[in-house]
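Novice: So here's protein.pdb, just PDB, C-alpha atoms:
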ATOM      1  CA  MET A  15      40.787   4.528  44.620
ATOM      2  CA  PRO A  16      39.004   2.012  46.842
ATOM      3  CA  THR A  17      35.751   3.051  45.162
ATOM      4  CA  LEU A  18      37.167   2.157  41.743
ATOM      5  CA  ILE A  19      38.298  -1.247  43.002
ATOM      6  CA  LEU A  20      34.840  -1.876  44.474
ATOM      7  CA  LEU A  21      33.270  -0.877  41.139
ATOM      8  CA  ALA A  22      35.613  -3.294  39.353
ATOM      9  CA  ALA A  23      34.566  -6.101  41.693
ATOM     10  CA  ALA A  24      30.887  -5.224  41.216
ATOM     11  CA  CYS A  25      31.263  -5.169  37.416
ATOM     12  CA  PHE A  26      33.226  -8.402  37.114
ATOM     13  CA  PRO A  27      30.208 -10.764  37.148
ATOM     14  CA  TYR A  28      28.490  -8.576  34.535
ATOM     15  CA  ASP A  29      31.492  -7.921  32.290
ATOM     16  CA  GLY A  30      30.184 -10.247  29.599
ATOM     17  CA  ALA A  31      26.750  -8.632  29.474
ATOM     18  CA  ILE A  32      28.260  -5.138  29.455
ATOM     19  CA  SER A  33      30.635  -6.155  26.667
ATOM     20  CA  HIS A  34      27.780  -7.587  24.579
ATOM     21  CA  GLY A  35      25.796  -4.383  25.076
ATOM     22  CA  ALA A  36      28.812  -2.332  23.989
ATOM     23  CA  GLN A  37      29.175  -4.547  20.928
ATOM     24  CA  ARG A  38      25.568  -3.872  19.930
ATOM     25  CA  LEU A  39      26.025  -0.143  20.519
ATOM     26  CA  ARG A  40      29.252  -0.163  18.520
ATOM     27  CA  GLY A  41      27.259  -1.219  15.469
ATOM     28  CA  HIS A  42      25.419   2.113  15.635
ATOM     29  CA  VAL A  43      28.540   4.270  16.006
ATOM     30  CA  GLY A  44      30.187   5.205  12.762
ATOM     31  CA  GLY A  45      31.551   7.977  10.614
ATOM     32  CA  ASP A  46      32.961  11.060  12.282
ATOM     33  CA  VAL A  47      31.639  10.083  15.715
ATOM     34  CA  LYS A  48      33.578   6.812  15.634
ATOM     35  CA  ARG A  49      36.734   8.514  14.382
ATOM     36  CA  GLN A  50      36.531  11.195  17.079
ATOM     37  CA  LEU A  51      35.972   8.635  19.839
ATOM     38  CA  GLU A  52      38.864   6.503  18.584
ATOM     39  CA  TRP A  53      41.018   9.627  18.678
ATOM     40  CA  LEU A  54      39.844  10.668  22.154
ATOM     41  CA  GLN A  55      40.645   7.245  23.608
ATOM     42  CA  GLU A  56      44.313   8.000  22.933
ATOM     43  CA  TYR A  57      44.266  10.716  25.601
ATOM     44  CA  GLY A  58      47.030   9.833  28.039
ATOM     45  CA  GLN A  59      49.105   7.911  25.526
ATOM     46  CA  PHE A  60      52.682   8.847  24.561
ATOM     47  CA  GLY A  61      51.858  11.384  21.845
ATOM     48  CA  CYS A  62      49.302  13.164  23.995
ATOM     49  CA  ILE A  63      51.647  13.337  26.983
ATOM     50  CA  VAL A  64      54.412  14.758  24.792
ATOM     51  CA  ILE A  65      52.065  17.449  23.444
ATOM     52  CA  VAL A  66      50.907  18.418  26.954
ATOM     53  CA  ALA A  67      54.529  18.503  28.155
ATOM     54  CA  LEU A  68      55.551  20.738  25.232
ATOM     55  CA  VAL A  69      52.671  23.125  25.878
ATOM     56  CA  VAL A  70      53.598  23.411  29.570
ATOM     57  CA  TRP A  71      57.293  23.784  28.720
ATOM     58  CA  LEU A  72      56.707  26.528  26.144
ATOM     59  CA  LEU A  73      53.840  28.464  27.736
ATOM     60  CA  ASP A  74      54.273  28.023  31.486
ATOM     61  CA  PRO A  75      57.996  28.065  32.454
ATOM     62  CA  PRO A  76      57.325  28.293  36.234
ATOM     63  CA  ARG A  77      55.648  24.884  36.090
ATOM     64  CA  ARG A  78      58.246  23.108  33.949
ATOM     65  CA  ARG A  79      59.619  21.258  36.951
ATOM     66  CA  ARG A  80      56.195  19.700  37.509
ATOM     67  CA  LEU A  81      56.765  17.742  34.293
ATOM     68  CA  LEU A  82      59.143  15.538  36.289
ATOM     69  CA  ASP A  83      56.202  14.645  38.520
ATOM     70  CA  LEU A  84      54.205  13.684  35.427
ATOM     71  CA  LEU A  85      57.085  11.521  34.210
ATOM     72  CA  ARG A  86      57.334   9.812  37.596
ATOM     73  CA  GLY A  87      53.583   9.184  37.559
ATOM     74  CA  VAL A  88      53.671   7.586  34.122
ATOM     75  CA  ILE A  89      56.671   5.435  35.062
ATOM     76  CA  LEU A  90      55.034   4.286  38.305
ATOM     77  CA  ALA A  91      51.812   3.423  36.474
ATOM     78  CA  ALA A  92      53.798   1.436  33.890
ATOM     79  CA  VAL A  93      55.747  -0.406  36.599
ATOM     80  CA  ILE A  94      52.407  -1.566  38.024
ATOM     81  CA  VAL A  95      50.341  -2.046  34.867
ATOM     82  CA  VAL A  96      52.762  -3.991  32.670
ATOM     83  CA  PRO A  97      53.612  -6.756  35.191
ATOM     84  CA  ALA A  98      49.949  -6.892  36.241
ATOM     85  CA  LYS A  99      48.868  -7.582  32.661
ATOM     86  CA  LEU A 100      51.443 -10.358  32.360
ATOM     87  CA  LEU A 101      50.586 -11.952  35.715
ATOM     88  CA  ILE A 102      46.787 -11.593  35.630
ATOM     89  CA  GLY A 103      46.446 -12.883  32.075
ATOM     90  CA  ARG A 104      42.883 -11.982  31.181
ATOM     91  CA  PRO A 105      41.790 -12.634  27.570
ATOM     92  CA  ARG A 106      40.498  -9.617  25.643
ATOM     93  CA  PRO A 107      36.740  -9.274  25.054
ATOM     94  CA  LYS A 108      37.111 -10.572  21.489
ATOM     95  CA  PHE A 109      37.431 -14.063  23.018
ATOM     96  CA  ASP A 110      34.123 -13.604  24.879
ATOM     97  CA  ASP A 111      35.449 -15.371  27.967
ATOM     98  CA  PRO A 112      34.946 -12.735  30.682
ATOM     99  CA  GLY A 113      35.258 -15.088  33.645
ATOM    100  CA  VAL A 114      38.745 -16.290  32.745
ATOM    101  CA  ILE A 115      41.723 -15.065  34.758
ATOM    102  CA  LEU A 116      44.747 -17.166  33.866
ATOM    103  CA  GLY A 117      47.156 -16.033  36.548
ATOM    104  CA  PRO A 118      50.881 -16.606  36.001
ATOM    105  CA  PHE A 119      50.532 -20.356  35.404
ATOM    106  CA  GLY A 120      47.417 -20.577  33.232
ATOM    107  CA  ALA A 121      47.515 -20.784  29.441
ATOM    108  CA  TYR A 122      44.898 -19.955  26.825
ATOM    109  CA  PRO A 123      44.257 -20.850  23.156
ATOM    110  CA  ILE A 124      44.589 -17.559  21.308
ATOM    111  CA  GLY A 125      43.603 -18.733  17.858
ATOM    112  CA  PRO A 126      44.140 -21.176  15.002
ATOM    113  CA  GLY A 127      47.796 -21.705  14.292
ATOM    114  CA  LYS A 128      48.853 -19.675  17.351
ATOM    115  CA  GLY A 129      48.565 -22.363  19.984
ATOM    116  CA  ILE A 130      48.047 -22.157  23.742
ATOM    117  CA  HIS A 131      50.045 -19.531  25.603
ATOM    118  CA  HIS A 132      50.682 -17.831  28.913
ATOM    119  CA  ALA A 133      50.131 -14.070  29.091
ATOM    120  CA  TRP A 134      53.824 -13.481  29.780
ATOM    121  CA  GLU A 135      55.033 -15.245  26.624
ATOM    122  CA  VAL A 136      55.633 -11.970  24.793
ATOM    123  CA  TRP A 137      58.230 -13.568  22.517
ATOM    124  CA  ARG A 138      55.665 -16.034  21.143
ATOM    125  CA  GLY A 139      53.641 -13.512  19.142
ATOM    126  CA  ILE A 140      50.619 -13.335  21.454
ATOM    127  CA  SER A 141      50.469  -9.556  20.938
ATOM    128  CA  SER A 142      48.283  -8.198  23.728
ATOM    129  CA  ASP A 143      45.516 -10.776  23.410
ATOM    130  CA  LEU A 144      45.835 -11.866  27.040
ATOM    131  CA  TRP A 145      46.464  -8.427  28.554
ATOM    132  CA  SER A 146      42.966  -7.145  29.150
ATOM    133  CA  MET A 147      43.327  -6.348  32.865
ATOM    134  CA  PRO A 148      44.163  -3.674  33.827
ATOM    135  CA  SER A 149      43.509  -1.111  31.105
ATOM    136  CA  SER A 150      46.774   0.746  30.546
ATOM    137  CA  HIS A 151      45.038   3.406  28.428
ATOM    138  CA  THR A 152      42.812   4.272  31.375
ATOM    139  CA  ALA A 153      45.731   4.181  33.813
ATOM    140  CA  TYR A 154      47.846   6.631  31.813
ATOM    141  CA  ALA A 155      44.824   8.844  31.147
ATOM    142  CA  ALA A 156      44.235   9.010  34.912
ATOM    143  CA  VAL A 157      47.876   9.961  35.558
ATOM    144  CA  LEU A 158      47.703  12.762  32.997
ATOM    145  CA  SER A 159      44.415  13.993  34.438
ATOM    146  CA  VAL A 160      45.813  14.041  37.981
ATOM    147  CA  PHE A 161      48.683  16.135  36.626
ATOM    148  CA  LEU A 162      46.394  18.592  34.840
ATOM    149  CA  ALA A 163      44.056  18.869  37.824
ATOM    150  CA  ALA A 164      46.951  19.443  40.234
ATOM    151  CA  VAL A 165      48.797  21.987  38.117
ATOM    152  CA  TYR A 166      45.748  23.683  36.570
ATOM    153  CA  PRO A 167      42.826  23.158  38.980
ATOM    154  CA  ARG A 168      40.376  24.913  36.661
ATOM    155  CA  LEU A 169      40.838  22.006  34.235
ATOM    156  CA  ARG A 170      39.917  19.324  36.783
ATOM    157  CA  TRP A 171      36.416  18.641  35.432
ATOM    158  CA  LEU A 172      37.650  18.460  31.849
ATOM    159  CA  ALA A 173      40.474  16.164  32.965
ATOM    160  CA  LEU A 174      38.012  13.891  34.784
ATOM    161  CA  ALA A 175      35.669  13.840  31.778
ATOM    162  CA  LEU A 176      38.527  12.779  29.504
ATOM    163  CA  VAL A 177      39.379   9.805  31.730
ATOM    164  CA  VAL A 178      35.719   8.747  31.704
ATOM    165  CA  ILE A 179      35.631   9.032  27.903
ATOM    166  CA  VAL A 180      38.785   6.925  27.574
ATOM    167  CA  GLY A 181      37.336   4.223  29.820
ATOM    168  CA  LEU A 182      34.003   4.172  27.992
ATOM    169  CA  CYS A 183      35.737   3.997  24.610
ATOM    170  CA  ARG A 184      37.948   1.106  25.695
ATOM    171  CA  VAL A 185      34.795  -0.858  26.509
ATOM    172  CA  LEU A 186      32.824   0.409  23.503
ATOM    173  CA  PHE A 187      35.505  -0.603  21.008
ATOM    174  CA  GLY A 188      36.010  -4.033  22.570
ATOM    175  CA  SER A 189      39.511  -3.525  23.967
ATOM    176  CA  HIS A 190      38.609  -4.109  27.618
ATOM    177  CA  TYR A 191      35.904  -5.249  29.982
ATOM    178  CA  ALA A 192      34.402  -2.676  32.343
ATOM    179  CA  SER A 193      36.241  -4.082  35.375
ATOM    180  CA  ASP A 194      39.569  -3.756  33.505
ATOM    181  CA  VAL A 195      38.870  -0.061  33.066
ATOM    182  CA  PHE A 196      38.072   0.494  36.740
ATOM    183  CA  VAL A 197      41.245  -1.309  37.825
ATOM    184  CA  GLY A 198      43.300   0.707  35.328
ATOM    185  CA  GLY A 199      41.725   3.916  36.590
ATOM    186  CA  ALA A 200      42.546   2.976  40.193
ATOM    187  CA  VAL A 201      46.183   2.255  39.291
ATOM    188  CA  GLY A 202      46.539   5.536  37.396
ATOM    189  CA  LEU A 203      44.863   7.560  40.125
ATOM    190  CA  ALA A 204      47.073   6.011  42.806
ATOM    191  CA  ALA A 205      50.239   6.534  40.743
ATOM    192  CA  GLY A 206      49.254  10.123  39.988
ATOM    193  CA  VAL A 207      48.389  11.055  43.562
ATOM    194  CA  LEU A 208      51.595   9.466  44.908
ATOM    195  CA  THR A 209      53.906  11.190  42.435
ATOM    196  CA  ILE A 210      52.067  14.376  41.481
ATOM    197  CA  GLY A 211      49.780  15.108  44.419
ATOM    198  CA  SER A 212      46.295  16.502  44.292
ATOM    199  CA  GLY A 213      46.791  20.188  45.033
ATOM    200  CA  GLN A 214      48.333  23.063  43.117
ATOM    201  CA  ARG A 215      51.864  24.117  43.836
ATOM    202  CA  PRO A 216      54.244  25.985  41.508
TER     203      PRO A 216
END
Kindly return the structure encoded in the file as structure tokens.
Specialist:
Amino acid sequence: MPTLILLAAACFPYDGAISHGAQRLRGHVGGDVKRQLEWLQEYGQFGCIVIVALVVWLLDPPRRRRLLDLLRGVILAAVIVVPAKLLIGRPRPKFDDPGVILGPFGAYPIGPGKGIHHAWEVWRGISSDLWSMPSSHTAYAAVLSVFLAAVYPRLRWLALALVVIVGLCRVLFGSHYASDVFVGGAVGLAAGVLTIGSGQRP
């Protein structure tokens, strides 16, 4: 976890350059490859977690109780990630303003006709434009991977690879800066280890 935070800090000054490079690369990704990557970046989201939970429930009854650990991990990650997004207030890469962190009191112009807003003004139609840090997709992917690695240790390398793919895709498709992904990964890893653990137990 500390390593991920250090990587986030190291990436922060270069987030703009990394984002521009991803934008250029994105122009060369299309067709089935793009569709598959867009699908893979949803690993760790609600539908994916439900499918994993159903598979465990139906095929591995002795480990059903571990699903409560997964639920606790997802809830803990959400309790950290959602307020963090609202309080940090970082504009998404589409605004090309990587050095801006609004904090709870800063406001940002999110587009013509939409005005200047704080990140926490969810009732004002800002969508998620100011919620770049941390990456919730990466956080939930990390929680799910901690669960899979703890319950099925032989899947640990696949689980790790899927988190990396999610993080890369979030940057590639312009949803987050690289540092957002590292912070999200750190949150998810911490939430997963605290609620699920890192070793196998029935």
Novice: Go through the shown structure with the PyMOL selection byres ((chain A and resi 202) around 6) and write out the matching residues as a list in words.
Specialist: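 On this input, the PyMOL selection byres ((chain A and resi 202) around 6) captures Ala91, Ala153, Tyr154, Ala156, Val157, Gly199, Ala200, Val201, Leu203, Ala204, Ala205 and Gly206 of chain A.
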Novice: Please evaluate the PyMOL selection byres ((chain A and resi 170) around 12) against the structure above and give the resulting residues as a PyMOL selection string.
Specialist: chain A and resi 156+158-169+171-177+212-214
Novice: Please provide as a PyMOL selection string all residues within 10 Å of stretch 139-148 of chain A, with the sequence filter that same-chain residues fewer than 6 positions apart are discarded (counting all atoms listed in the file).
Specialist: chain A and resi 94-109+112+115-116+121-125+128-133+189-201
Novice: Translate the PyMOL selection byres ((chain A and resi 66) around 12) into a concrete residue list for this structure, as a list in words.
Specialist: Tyr57, Gly58, Gln59, Phe60, Gly61, Cys62, Ile63, Val64, Ile65, Ala67, Leu68, Val69, Val70, Trp71, Leu72, Leu73, Asp74, Arg78, Arg80, Leu81, Leu84, Leu85, Leu158, Ser159, Phe161, Leu162 and Val165 of chain A
Novice: Mind writing the picked residues with C-alpha atoms as a compact mmCIF listing (two decimals), in the frame of the given file?
Specialist:
# COMPACT_ATOMS: atom_id res chain seq x y z
CA TYR A 57 44.27 10.72 25.60
CA GLY A 58 47.03 9.83 28.04
CA GLN A 59 49.10 7.91 25.53
CA PHE A 60 52.68 8.85 24.56
CA GLY A 61 51.86 11.38 21.84
CA CYS A 62 49.30 13.16 24.00
CA ILE A 63 51.65 13.34 26.98
CA VAL A 64 54.41 14.76 24.79
CA ILE A 65 52.06 17.45 23.44
CA ALA A 67 54.53 18.50 28.16
CA LEU A 68 55.55 20.74 25.23
CA VAL A 69 52.67 23.12 25.88
CA VAL A 70 53.60 23.41 29.57
CA TRP A 71 57.29 23.78 28.72
CA LEU A 72 56.71 26.53 26.14
CA LEU A 73 53.84 28.46 27.74
CA ASP A 74 54.27 28.02 31.49
CA ARG A 78 58.25 23.11 33.95
CA ARG A 80 56.20 19.70 37.51
CA LEU A 81 56.76 17.74 34.29
CA LEU A 84 54.20 13.68 35.43
CA LEU A 85 57.08 11.52 34.21
CA LEU A 158 47.70 12.76 33.00
CA SER A 159 44.42 13.99 34.44
CA PHE A 161 48.68 16.14 36.63
CA LEU A 162 46.39 18.59 34.84
CA VAL A 165 48.80 21.99 38.12
Novice: Which polymer residues, protein or nucleic acid, are no farther than 12 Å from (29.1, 1.6, 19.1), counting only C-alpha atoms, as a ChimeraX atom specification?
Specialist: /A:33-45,47-49,51-52,182-188
Novice: I need the chosen residues saved as a PDB file, in the coordinates of the input, with C-alpha atoms.
Specialist:
ATOM      1  CA  SER A  33      30.635  -6.155  26.667  1.00  0.00           C
ATOM      2  CA  HIS A  34      27.780  -7.587  24.579  1.00  0.00           C
ATOM      3  CA  GLY A  35      25.796  -4.383  25.076  1.00  0.00           C
ATOM      4  CA  ALA A  36      28.812  -2.332  23.989  1.00  0.00           C
ATOM      5  CA  GLN A  37      29.175  -4.547  20.928  1.00  0.00           C
ATOM      6  CA  ARG A  38      25.568  -3.872  19.930  1.00  0.00           C
ATOM      7  CA  LEU A  39      26.025  -0.143  20.519  1.00  0.00           C
ATOM      8  CA  ARG A  40      29.252  -0.163  18.520  1.00  0.00           C
ATOM      9  CA  GLY A  41      27.259  -1.219  15.469  1.00  0.00           C
ATOM     10  CA  HIS A  42      25.419   2.113  15.635  1.00  0.00           C
ATOM     11  CA  VAL A  43      28.540   4.270  16.006  1.00  0.00           C
ATOM     12  CA  GLY A  44      30.187   5.205  12.762  1.00  0.00           C
ATOM     13  CA  GLY A  45      31.551   7.977  10.614  1.00  0.00           C
ATOM     14  CA  VAL A  47      31.639  10.083  15.715  1.00  0.00           C
ATOM     15  CA  LYS A  48      33.578   6.812  15.634  1.00  0.00           C
ATOM     16  CA  ARG A  49      36.734   8.514  14.382  1.00  0.00           C
ATOM     17  CA  LEU A  51      35.972   8.635  19.839  1.00  0.00           C
ATOM     18  CA  GLU A  52      38.864   6.503  18.584  1.00  0.00           C
ATOM     19  CA  LEU A 182      34.003   4.172  27.992  1.00  0.00           C
ATOM     20  CA  CYS A 183      35.737   3.997  24.610  1.00  0.00           C
ATOM     21  CA  ARG A 184      37.948   1.106  25.695  1.00  0.00           C
ATOM     22  CA  VAL A 185      34.795  -0.858  26.509  1.00  0.00           C
ATOM     23  CA  LEU A 186      32.824   0.409  23.503  1.00  0.00           C
ATOM     24  CA  PHE A 187      35.505  -0.603  21.008  1.00  0.00           C
ATOM     25  CA  GLY A 188      36.010  -4.033  22.570  1.00  0.00           C
TER      26      GLY A 188
END
Novice: Mind giving me the straight-line distance from atom CA of A:Val178 to atom CA of A:Thr209 in Å, one decimal?
Specialist: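 Rounded to one decimal, the two atoms are 21.3 Å apart.
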Novice: Just the number, please: distance in Å from atom CA of A:Val207 to atom CA of A:Gly87, one decimal.
Specialist: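 Pair atom CA of A:Val207 / atom CA of A:Gly87 returns 8.2 Å.
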Novice: So how far away is atom CA of A:Gly117 from atom CA of A:Val180, in Å?
Specialist: 26.0 Å
Novice: Which residue is closest to A:Arg86? Choose from A:Gly127, A:Gly113, A:Gly211, A:Pro27 and count all atoms listed in the file.
Specialist: A:Gly211
